[in-house]
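Structure file entry.cif (mmCIF, C-alpha atoms and all ligand atoms) follows.
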```
data_input
loop_
_atom_site.label_atom_id
_atom_site.label_comp_id
_atom_site.auth_asym_id
_atom_site.auth_seq_id
_atom_site.Cartn_x
_atom_site.Cartn_y
_atom_site.Cartn_z
CA MET A 1 35.84 -4.44 47.96
CA SER A 2 38.28 -1.88 49.25
CA GLU A 3 37.53 1.81 48.79
CA THR A 4 39.89 3.86 46.65
CA PHE A 5 40.69 7.53 47.18
CA THR A 6 42.09 10.01 44.69
CA PRO A 7 44.11 12.94 46.10
CA LEU A 8 42.46 16.30 45.27
CA ALA A 9 44.43 18.88 47.24
CA GLN A 10 47.04 19.32 49.94
CA SER A 11 47.67 22.44 51.97
CA ARG A 12 50.47 22.91 54.49
CA ALA A 13 49.74 24.59 57.81
CA SER A 14 50.50 28.29 57.63
CA TYR A 15 50.99 28.62 61.40
CA TYR A 16 52.25 26.82 64.48
CA CYS A 17 51.02 27.11 68.06
CA LYS A 18 53.60 28.53 70.43
CA GLY A 19 54.21 26.27 73.43
CA SER A 20 52.12 23.42 72.08
CA PRO A 21 53.66 19.93 72.14
CA VAL A 22 51.53 19.04 69.08
CA HIS A 23 51.54 20.88 65.75
CA PHE A 24 49.18 20.97 62.82
CA VAL A 25 51.07 19.84 59.69
CA GLN A 26 48.65 19.80 56.76
CA VAL A 27 45.14 19.25 55.45
CA GLU A 28 44.49 16.90 52.54
CA LEU A 29 41.39 16.41 50.42
CA PHE A 30 40.57 13.14 48.66
CA ARG A 31 37.75 12.03 46.37
CA MET A 32 36.11 8.77 47.42
CA ASP A 33 35.95 7.06 44.03
CA SER A 34 32.81 4.98 44.66
CA THR A 35 30.61 7.95 45.68
CA GLY A 36 32.48 11.05 44.45
CA SER A 37 32.36 12.49 47.99
CA THR A 38 35.14 14.74 49.28
CA VAL A 39 37.04 13.41 52.31
CA VAL A 40 39.08 15.65 54.62
CA THR A 41 42.11 14.36 56.55
CA LEU A 42 44.33 16.33 58.92
CA THR A 43 47.93 15.57 59.84
CA PHE A 44 49.56 16.52 63.15
CA LYS A 45 52.99 15.99 64.65
CA ASN A 46 54.07 15.20 68.20
CA PHE A 47 57.02 17.29 69.46
CA TYR A 48 57.03 15.98 73.02
CA SER A 49 59.17 13.21 74.51
CA ARG A 50 56.20 11.04 75.53
CA PRO A 51 53.87 9.17 73.13
CA ILE A 52 50.43 10.68 72.53
CA GLN A 53 47.47 8.63 73.69
CA SER A 54 44.60 10.78 72.42
CA PHE A 55 44.19 14.15 70.73
CA VAL A 56 41.31 16.51 69.92
CA ALA A 57 41.25 19.02 67.06
CA HIS A 58 38.54 21.44 65.99
CA TYR A 59 37.82 21.85 62.26
CA ARG A 60 35.66 24.22 60.26
CA CYS A 61 35.02 23.37 56.60
CA LYS A 62 33.59 25.96 54.19
CA ASN A 63 32.28 25.47 50.68
CA ARG A 64 33.43 27.55 47.71
CA GLN A 65 30.83 30.22 48.57
CA GLY A 66 32.41 30.62 52.03
CA GLU A 67 29.50 29.02 53.92
CA VAL A 68 30.34 26.76 56.86
CA ILE A 69 29.16 23.24 55.96
CA GLY A 70 30.89 21.33 58.76
CA GLU A 71 32.30 22.34 62.13
CA GLU A 72 33.08 20.05 65.04
CA ASP A 73 35.68 18.66 67.43
CA PHE A 74 37.32 15.46 66.17
CA SER A 75 38.91 12.99 68.62
CA TYR A 76 41.84 10.79 67.69
CA GLU A 77 42.06 7.76 70.00
CA ASN A 78 44.89 5.24 70.54
CA VAL A 79 47.24 7.51 68.60
CA ASP A 80 50.54 6.14 69.95
CA ALA A 81 52.66 8.78 68.14
CA CYS A 82 56.15 9.16 69.62
CA ASN A 83 58.34 12.26 69.58
CA GLY A 84 58.69 13.55 65.99
CA GLU A 85 56.01 11.27 64.58
CA ILE A 86 53.04 12.40 62.52
CA PHE A 87 49.51 11.08 62.95
CA GLY A 88 45.92 11.65 61.85
CA TYR A 89 46.54 11.39 58.10
CA ASP A 90 44.54 8.17 57.73
CA ASP A 91 41.45 9.34 59.64
CA ALA A 92 38.64 10.99 57.66
CA VAL A 93 37.42 13.85 59.88
CA PHE A 94 34.76 15.14 57.47
CA VAL A 95 33.00 13.81 54.35
CA CYS A 96 30.78 15.95 52.11
CA ASP A 97 29.21 15.96 48.67
CA GLU A 98 30.19 19.44 47.56
CA PRO A 99 33.58 20.95 46.71
CA LEU A 100 35.36 22.60 49.63
CA GLY A 101 36.74 26.13 49.61
CA SER A 102 38.70 26.08 52.87
CA VAL A 103 39.43 24.09 56.01
CA GLU A 104 40.42 25.77 59.29
CA VAL A 105 41.95 23.79 62.13
CA LYS A 106 42.49 24.54 65.82
CA LEU A 107 44.23 22.43 68.44
CA VAL A 108 42.01 21.58 71.40
CA ALA A 109 43.64 19.07 73.78
CA VAL A 110 46.17 16.27 74.03
CA THR A 111 46.61 13.35 76.43
CA TYR A 112 50.00 11.67 76.75
CA ASP A 113 50.72 8.17 78.08
CA ASP A 114 50.62 9.50 81.65
CA GLY A 115 46.86 10.01 81.16
CA ILE A 116 46.87 13.76 81.95
CA LEU A 117 44.75 15.96 79.66
CA HIS A 118 46.50 19.16 78.49
CA SER A 119 44.36 21.91 76.98
CA LEU A 120 45.99 23.53 73.94
CA LYS A 121 43.42 26.29 73.47
CA ARG A 122 45.66 28.97 74.92
CA CYS A 123 48.69 28.19 72.73
CA THR A 124 48.96 31.25 70.49
CA PRO A 125 49.02 30.63 66.73
CA VAL A 126 52.13 32.16 65.09
CA ALA A 127 52.35 32.59 61.31
CA LEU A 128 55.05 30.52 59.61
CA PRO A 129 57.34 32.04 56.97
CA LYS A 130 55.83 31.48 53.52
CA LEU A 131 57.25 28.67 51.39
CA ARG A 132 59.26 29.90 48.38
CA PRO A 133 59.46 27.27 45.62
CA LEU A 134 62.91 26.44 44.22
CA PRO A 135 63.27 27.04 40.46
CA ALA A 136 62.91 23.74 38.57
CA ASN A 137 66.60 23.30 37.69
CA GLU A 138 67.77 24.04 41.26
CA ARG A 139 65.09 21.78 42.68
CA ALA A 140 66.25 18.92 40.45
CA SER A 141 69.91 19.30 41.40
CA VAL A 142 69.17 19.58 45.15
CA ARG A 143 66.96 16.47 44.99
CA ALA A 144 69.66 14.57 43.10
CA ALA A 145 72.46 15.75 45.43
CA LEU A 146 70.58 14.68 48.57
CA GLY A 147 68.72 11.70 47.13
CA ASN A 148 65.60 13.32 48.58
CA PRO A 149 62.64 13.69 46.17
CA GLU A 150 60.60 15.73 48.69
CA ILE A 151 62.66 18.93 48.51
CA SER A 152 60.68 21.65 46.67
CA TYR A 153 61.35 24.89 48.59
CA TYR A 154 64.06 27.09 50.04
CA THR A 155 64.62 26.60 53.78
CA GLU A 156 63.16 29.32 56.04
CA GLU A 157 64.12 30.44 59.53
CA ALA A 158 61.34 31.03 62.06
CA GLU A 159 61.42 32.26 65.64
CA ASP A 160 60.98 28.79 67.14
CA GLY A 161 62.42 26.56 64.47
CA TRP A 162 63.07 26.18 60.78
CA ARG A 163 61.11 25.22 57.73
CA CYS A 164 62.61 22.43 55.67
CA GLY A 165 62.77 22.27 51.88
CA CYS A 166 60.02 19.62 52.05
CA GLY A 167 57.70 22.22 53.62
CA GLY A 168 57.83 20.65 57.08
CA PHE A 169 58.19 22.93 60.10
CA ASN A 170 60.72 21.76 62.68
CA TYR A 171 59.84 23.20 66.04
CA ASN A 172 63.02 23.22 68.08
CA VAL A 173 62.77 25.54 71.04
CA GLY A 174 66.12 25.34 72.80
CA GLN A 175 66.97 22.02 71.19
CA GLY A 176 68.70 23.07 67.98
CA LYS A 177 67.28 20.14 66.05
CA ARG A 178 68.89 19.98 62.61
CA ILE A 179 67.32 16.84 61.15
CA CYS A 180 63.91 17.40 59.54
CA SER A 181 61.38 15.28 61.37
CA GLU A 182 59.34 14.84 58.18
CA CYS A 183 61.79 14.03 55.38
CA GLY A 184 64.99 13.37 57.36
CA ALA A 185 67.04 16.10 55.63
CA ASP A 186 70.00 17.55 57.56
CA LYS A 187 69.54 21.33 57.68
CA GLY A 188 73.24 22.18 57.12
CA ILE A 189 73.65 19.76 54.21
CA LEU A 190 70.37 20.94 52.66
CA ILE A 191 71.36 24.63 52.82
CA ALA A 192 74.78 23.82 51.30
CA ALA A 193 73.11 21.84 48.48
CA ILE A 194 70.77 24.78 47.73
CA HIS A 195 73.75 27.19 47.62
CA ASP A 196 75.62 24.84 45.26
CA ALA A 197 72.56 24.59 43.00
CA GLN A 198 72.15 28.39 42.98
CA ARG A 199 75.81 28.88 42.09
CA ALA A 200 75.62 26.30 39.31
CA SER A 201 72.50 27.85 37.78
CA ALA A 202 73.66 31.50 38.02
CA PRO A 203 74.47 32.95 34.58
CA GLN A 204 78.19 32.70 33.88
CA ARG A 205 79.97 36.05 33.73
CA PRO A 206 82.01 36.34 30.56
CA MET A 207 85.73 36.06 31.17
CA TYR A 208 88.08 38.56 29.52
CA ASP A 209 91.73 38.02 28.96
CA ALA A 210 94.30 40.70 28.17
CA GLY A 211 93.79 40.31 24.43
CA MET A 212 90.05 41.11 24.63
CA GLN A 213 90.10 44.46 26.36
CA PHE A 214 89.30 46.66 23.38
CA LEU A 215 85.93 46.75 21.72
CA PRO A 216 85.99 47.13 17.93
CA VAL A 217 84.44 50.53 17.08
CA GLN A 218 82.49 50.95 13.88
CA ASP A 219 83.28 53.90 11.69
CA ASP A 220 80.12 55.99 11.15
CA ASP A 221 81.41 57.45 7.89
CA VAL A 222 81.82 54.05 6.32
CA MET A 223 78.34 53.08 7.46
CA SER A 224 76.71 56.15 5.95
CA ALA A 225 78.63 55.96 2.68
CA SER A 226 77.85 52.42 1.64
CA GLY A 227 75.11 51.26 3.98
CA ARG A 228 77.30 48.61 5.51
CA PRO A 229 80.93 48.58 6.56
CA GLY A 230 83.05 47.15 3.82
CA PRO A 231 86.71 46.28 3.56
CA ARG A 232 88.99 49.27 3.19
CA TYR A 233 91.74 49.52 0.62
ZN ZN A 301 62.00 18.00 55.46
#
```
What is this file in structure tokens?
Amino acid sequence: MSETFTPLAQSRASYYCKGSPVHFVQVELFRMDSTGSTVVTLTFKNFYSRPIQSFVAHYRCKNRQGEVIGEEDFSYENVDACNGEIFGYDDAVFVCDEPLGSVEVKLVAVTYDDGILHSLKRCTPVALPKLRPLPANERASVRAALGNPEISYYTEEAEDGWRCGCGGFNYNVGQGKRICSECGADKGILIAAIHDAQRASAPQRPMYDAGMQFLPVQDDDVMSASGRPGPRY
């Protein structure tokens, strides 16, 4: 019998690590249906030209009272993630029987196909610009225009890259990458589609022609005499 998992929560990384060839993408929580346990998975992305062989991340899971209930290094072996590919999302790094309040993640080390271990501990975490959700009508028209159901946010510029409408961070130091490595959106086309959607949903300004320049002015005397303006004879 195969195990089934129900998604409980997903949280995008709020930072990236400057200089690191690997980036933390998101944490996801699932409920294991047979036991009711909570399962934690982490997703990372390779931004280097060589495929990753193995990778180590450090996690710290806290319960809803803020107590640490799990903290350890987790090793991903035989990763084989090429440039721009994500990995880790199908490995359970932590399983527990109580609801989780938070999961913190740090990058530890990566080994590429040349077999050399690179420590990532000194790569400084930099906060990413916050995701701003698109209003529902703009979101629908951008998704329809691009044929991309993953677009939910405005794009954001960051010092070392840009954040796509899908929430993905595209780290592009000196490379000017314009295609989102997570959803495949083209940055220029996406921004144009968002502008079009904003224009279309902006309230229309009333148009006046020459015959509509003068406002009709009510006569106070007529109002006070009869209570409502009536026809004059
Ligand atoms: Zn994207």
message: Could you list the protein, DNA and RNA residues that have any atom within 6 Å of ligand ZN 301 (chain A), counting all atoms listed in the file, and write them as a ChimeraX atom specification?
response: /A:164-166,168,180,182-185
Create the file for the chosen residues now, containing C-alpha atoms and written as a PDB file, in the frame of the given file.
```
ATOM      1  CA  CYS A 164      62.610  22.430  55.670  1.00  0.00           C
ATOM      2  CA  GLY A 165      62.770  22.270  51.880  1.00  0.00           C
ATOM      3  CA  CYS A 166      60.020  19.620  52.050  1.00  0.00           C
ATOM      4  CA  GLY A 168      57.830  20.650  57.080  1.00  0.00           C
ATOM      5  CA  CYS A 180      63.910  17.400  59.540  1.00  0.00           C
ATOM      6  CA  GLU A 182      59.340  14.840  58.180  1.00  0.00           C
ATOM      7  CA  CYS A 183      61.790  14.030  55.380  1.00  0.00           C
ATOM      8  CA  GLY A 184      64.990  13.370  57.360  1.00  0.00           C
ATOM      9  CA  ALA A 185      67.040  16.100  55.630  1.00  0.00           C
TER      10      ALA A 185
END
```
task: Find the spatial neighbours of Gln10 (chain A), counting only C-alpha atoms, within a cut-off of 12 Å - ignore same-chain residues fewer than 4 positions away - and output them as a PyMOL selection string.
output: chain A and resi 6+25-30+39-43+89+102-103+167
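Computed from the coordinates, the CA of Ser34 (chain A) to CA of Ala9 (chain A) distance equals 18.3 Å.
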Within 7 Å of region 128-144 of chain A: each region 7-100 of chain A residue with its shortest pair, only C-alpha atoms, as a tab-separated table:
```
residue	atom	partner	partner_atom	distance
A:Ser14	CA	A:Leu128	CA	5.4
A:Tyr15	CA	A:Leu128	CA	4.8
A:Tyr16	CA	A:Leu128	CA	6.7
```
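Considering the residues A:Asn46, A:Ser11, A:Gln65, A:Ser119 and counting only C-alpha atoms, Phe87 (chain A) has its shortest atom-to-atom contact with A:Asn46.
Distance annotation: of A:Tyr48, A:Asn83, A:Gly66, A:Pro99, the residue with the minimal separation from Gly36 (chain A) is A:Pro99; atom set is all atoms listed in the file.
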Atom pair CA of Glu104 (chain A) / CA of Arg60 (chain A): separation (Å): 5.1 Å
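Take the candidates A:Asn148, A:Asn170, A:Thr124, A:Thr38 and check each one against Leu8 (chain A) using only C-alpha atoms; the shortest distance goes to A:Thr38.
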